[in-house]
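Inspection log for the structure reproduced underneath, given as structure tokens.
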Amino acid sequence: MTLDHAKDSNMLSLQDVEQAAARVAPHVLDTPFVESRTLSQLTGAQIFLKFENLQFTASFKERGACNKLAQLSEEQRQRGVIAMSAGNHAQGVAYHAQRLGLRAVIVMPRFTPGVKVERTRGFGAEVVLHGDTLDEARQHAQALAAAQQLTFVHPYDDEAIMAGQGTVALEMLRVVPDLDALVIAVGGGGLMAGVATVARALRPQIELVGVQTSRFPAMVNALQGTHHPQGSSTIAEGIAVGSPGLLTRAVLAERIDDLVLVDEGDIEQALVMLLEIEKTLVEGAGAASLAAILKQPERYRGRKVGLVLCGGNIDPLLLAAIIERGLVRSGRLARIRVSARDVPGMLARITTIVAELGANIEEVHHQRAFTSLAAQNVEIELVVQTRGPDHIDALLDHLHEAGLEAVLQGHH
């Protein structure tokens, strides 16, 4: 994937990232980079996790924002900055602008969740809600920047941003210098561009793999010449970028080995695993790199692999839904439909059978009218907490032995 080498001389360099590291070191966390022994056992690779979800604003985006703002001229500082983001970039810019005493305007699309708007305001930024798409919001931000002479802080397509994000790789390779591979989530490509620049310079033979969600395959299409269709939403909204950066694309074309796609289900599974095994909360984008390893374990087997848990800002309702779906997938939550004669005491009989087997009933729907069964029959739907698939099978057998019709519903 090499480009013409004429561009190399002015492409982002290791020195750019080292200078960024000196600027941001006092203001961002050098987050832990540690092996997950359990994930290593499960995948067959030696998995190291970089906990960027522990940054103050819960994502790596602070690094780039901090590096960019630290380099503003006195005149630019007087006037202030503007950014367009519905997510972590907004908080990174707002927080570091507040720390430096700069005016910060953040343009967000109108559909941005209230919690993100409030959090960004909490860092002292002026939030402007505009447009129904990210592109409309971006155009408005650029118009405001011109009108009010504010410095536009791009979420990824900016050398200072890319250099700041790359500082994460300096920290990782300092702790584990002999990494064999880095697997990094890619949206606009700012993080991967910075990481690839550092890793290629310090450890030329390392394998660099970018990960996109199959619903937003813009960088994959750009670099691999594919035409994967684009979806409209994903649980990994942090990497839901419709058009890749030009600067980042050039760096990735030159310096990374591969880009892979993961599906929504892969990301959900990885997110629940990180929650259960590591007791750490990540957003969808933060689980994408682990999802890639779970999807192709043979590719990484026996190798030292670094992953960045790039962010931890997830909507609590979405998290609740993902946890429940995870319980269903692993067979610890099951929906069973029982059809029986409509006679007094039938519900009590069914619940007794469930109780005898040590399963816990979470919900019961008792339907007479909305059933295709004959009038004297009743349909009872149970949501039960179980110990897993074997427990569910035993429960169904027990119900069948009691002469009841019982089927498992809606299993993945």
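In the structure tokens, each chain is lettered A, B, ... as it comes, each chain's residues begin at 1, and ligands are numbered from 1 in order of appearance.
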Using only C-alpha atoms, determine which residues lie at most 9 Å from A:Phe51, disregarding the query and same-chain residues fewer than 4 positions distant; provide the list as a ChimeraX atom specification. /A:31-34,55,59,280,307-311
Export, as an mmCIF file, in the first residue's frame, the selected residues with C-alpha atoms.
```cif
data_model
loop_
_atom_site.group_PDB
_atom_site.id
_atom_site.type_symbol
_atom_site.label_atom_id
_atom_site.label_comp_id
_atom_site.auth_asym_id
_atom_site.auth_seq_id
_atom_site.Cartn_x
_atom_site.Cartn_y
_atom_site.Cartn_z
ATOM 1 C CA THR A 31 -2.030 5.159 31.273
ATOM 2 C CA PRO A 32 -1.319 1.548 32.316
ATOM 3 C CA PHE A 33 -0.226 -0.893 29.595
ATOM 4 C CA VAL A 34 -0.531 -4.375 31.055
ATOM 5 C CA GLN A 55 -7.853 9.501 30.846
ATOM 6 C CA SER A 59 -10.405 8.790 25.864
ATOM 7 C CA THR A 280 -13.161 -2.269 32.646
ATOM 8 C CA LEU A 307 -4.477 -3.079 21.932
ATOM 9 C CA VAL A 308 -5.665 0.418 22.800
ATOM 10 C CA LEU A 309 -8.874 0.657 24.840
ATOM 11 C CA CYS A 310 -9.377 4.017 23.202
ATOM 12 C CA GLY A 311 -12.451 5.302 25.026
#
```
Write out as a list in words which residues come within 6 Å of stretch 165-173 of chain A when counting only C-alpha atoms, dropping same-chain ones fewer than 2 positions away.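 Result of the neighbour search: Val17, Ala21, Arg63, Gly64, Met162, Ala163, Val175, Val176, Pro177, Leu191, Gly194 and Val195 of chain A.
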When distances are computed from only C-alpha atoms, which of A:Leu12, A:Pro297, A:Glu363, A:Leu290 shows the smallest separation from A:Arg249?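 Ranked by minimum distance to A:Arg249, first place goes to A:Leu12.
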I'd like the interatomic distance between atom CA of A:Glu362 and atom CA of A:Leu382, to a tenth of an Å.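 Computed distance, atom CA of A:Glu362 to atom CA of A:Leu382, equals 7.5 Å.
Within stretch 37-205 of chain A, DSSP run on the backbone puts these residues in strand (DSSP E): Gln46, Ile47, Phe48, Leu49, Lys50, Val81, Ile82, Ala83, Met84, Ala104, Val105, Ile106, Val107, Met108, Glu126, Val127, Val128, Leu129, Thr151, Phe152, Ala181, Leu182, Val183, Ile184 and Ala185 of chain A.
Near stretch 137-148 of chain A, within a cut-off of 10 Å and counting only C-alpha atoms, sit the residues A:Arg79, A:Gly80, A:Val81, A:Ile82, A:Ala83, A:Met84, A:Ser85, A:Ala86, A:Val105, A:Ile106, A:Val107, A:Met108, A:Pro109, A:Arg110, A:Val128, A:Leu129, A:His130, A:Gly131, A:Asp132, A:Thr133, A:Phe152, A:Val153, A:His154, with same-chain residues fewer than 4 positions away left out.
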Do a neighbour search on stretch 244-247 of chain A at 10 Å with only C-alpha atoms, toss out local chain neighbours closer than 2 positions, and write the hits as a PyMOL selection string. chain A and resi 11-12+154-159+162+186-190+193+217-223+241-242+249-252
For the selection you just gave me, I'd like the residues written to a file as a short mmCIF file (atom, residue, chain, number, x, y, z; two decimals), in the first residue's frame, keeping N, CA and C atoms.
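Result written to result_29.cif:
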```
data_model
loop_
_atom_site.label_atom_id
_atom_site.label_comp_id
_atom_site.auth_asym_id
_atom_site.auth_seq_id
_atom_site.Cartn_x
_atom_site.Cartn_y
_atom_site.Cartn_z
N MET A 11 6.00 14.04 5.65
CA MET A 11 4.99 13.26 6.36
C MET A 11 5.33 13.24 7.85
N LEU A 12 4.31 13.04 8.67
CA LEU A 12 4.49 12.96 10.12
C LEU A 12 5.68 12.06 10.47
N HIS A 154 -9.40 20.19 14.03
CA HIS A 154 -9.98 19.03 13.36
C HIS A 154 -9.82 17.77 14.22
N PRO A 155 -10.81 16.86 14.20
CA PRO A 155 -10.68 15.67 15.06
C PRO A 155 -9.55 14.73 14.65
N TYR A 156 -9.13 14.74 13.39
CA TYR A 156 -8.05 13.81 13.00
C TYR A 156 -7.14 14.33 11.90
N ASP A 157 -7.66 15.14 10.98
CA ASP A 157 -6.85 15.48 9.81
C ASP A 157 -5.96 16.69 10.06
N ASP A 158 -5.02 16.53 10.96
CA ASP A 158 -4.17 17.64 11.38
C ASP A 158 -2.89 17.03 11.96
N GLU A 159 -1.74 17.51 11.50
CA GLU A 159 -0.46 16.93 11.95
C GLU A 159 -0.31 16.98 13.47
N MET A 162 -2.53 14.27 15.01
CA MET A 162 -1.96 12.94 14.77
C MET A 162 -0.74 12.70 15.66
N VAL A 186 -9.87 2.27 13.82
CA VAL A 186 -9.70 3.36 12.85
C VAL A 186 -11.05 3.97 12.49
N GLY A 187 -11.17 5.28 12.71
CA GLY A 187 -12.33 6.03 12.23
C GLY A 187 -11.81 6.98 11.16
N GLY A 188 -11.42 8.18 11.60
CA GLY A 188 -10.78 9.12 10.68
C GLY A 188 -9.31 8.79 10.46
N GLY A 189 -8.75 8.03 11.40
CA GLY A 189 -7.37 7.56 11.23
C GLY A 189 -6.31 8.32 12.00
N GLY A 190 -6.70 9.28 12.85
CA GLY A 190 -5.72 10.07 13.59
C GLY A 190 -4.87 9.25 14.55
N ALA A 193 -2.62 6.81 12.52
CA ALA A 193 -1.53 7.52 11.83
C ALA A 193 -0.39 7.81 12.80
N PRO A 217 -17.03 1.58 6.70
CA PRO A 217 -15.78 1.06 6.15
C PRO A 217 -15.05 2.07 5.26
N ALA A 218 -15.14 3.37 5.59
CA ALA A 218 -14.62 4.40 4.69
C ALA A 218 -13.12 4.26 4.41
N MET A 219 -12.33 4.04 5.45
CA MET A 219 -10.89 3.94 5.24
C MET A 219 -10.52 2.65 4.50
N VAL A 220 -11.24 1.56 4.80
CA VAL A 220 -11.03 0.31 4.08
C VAL A 220 -11.29 0.52 2.59
N ASN A 221 -12.41 1.16 2.27
CA ASN A 221 -12.73 1.43 0.87
C ASN A 221 -11.65 2.29 0.21
N ALA A 222 -11.18 3.31 0.95
CA ALA A 222 -10.19 4.24 0.39
C ALA A 222 -8.86 3.54 0.13
N LEU A 223 -8.43 2.69 1.04
CA LEU A 223 -7.10 2.08 0.89
C LEU A 223 -7.10 0.77 0.11
N VAL A 241 -16.98 7.18 10.95
CA VAL A 241 -16.55 8.32 10.13
C VAL A 241 -16.87 8.03 8.67
N GLY A 242 -17.58 8.97 8.05
CA GLY A 242 -18.04 8.75 6.68
C GLY A 242 -16.97 8.95 5.62
N ARG A 249 -4.99 9.30 5.74
CA ARG A 249 -5.03 8.26 4.71
C ARG A 249 -3.65 8.05 4.08
N ALA A 250 -2.93 9.15 3.83
CA ALA A 250 -1.60 9.05 3.23
C ALA A 250 -0.64 8.30 4.16
N VAL A 251 -0.71 8.60 5.46
CA VAL A 251 0.17 7.93 6.42
C VAL A 251 -0.17 6.44 6.51
N LEU A 252 -1.46 6.12 6.57
CA LEU A 252 -1.87 4.73 6.68
C LEU A 252 -1.48 3.94 5.43
#
```
Selection: 8 Å around stretch 346-355 of chain A, only C-alpha atoms, excl. self and same-chain fewer than 4 positions, as a PyMOL selection string: chain A and resi 340-342+359-361+380+395+398-399
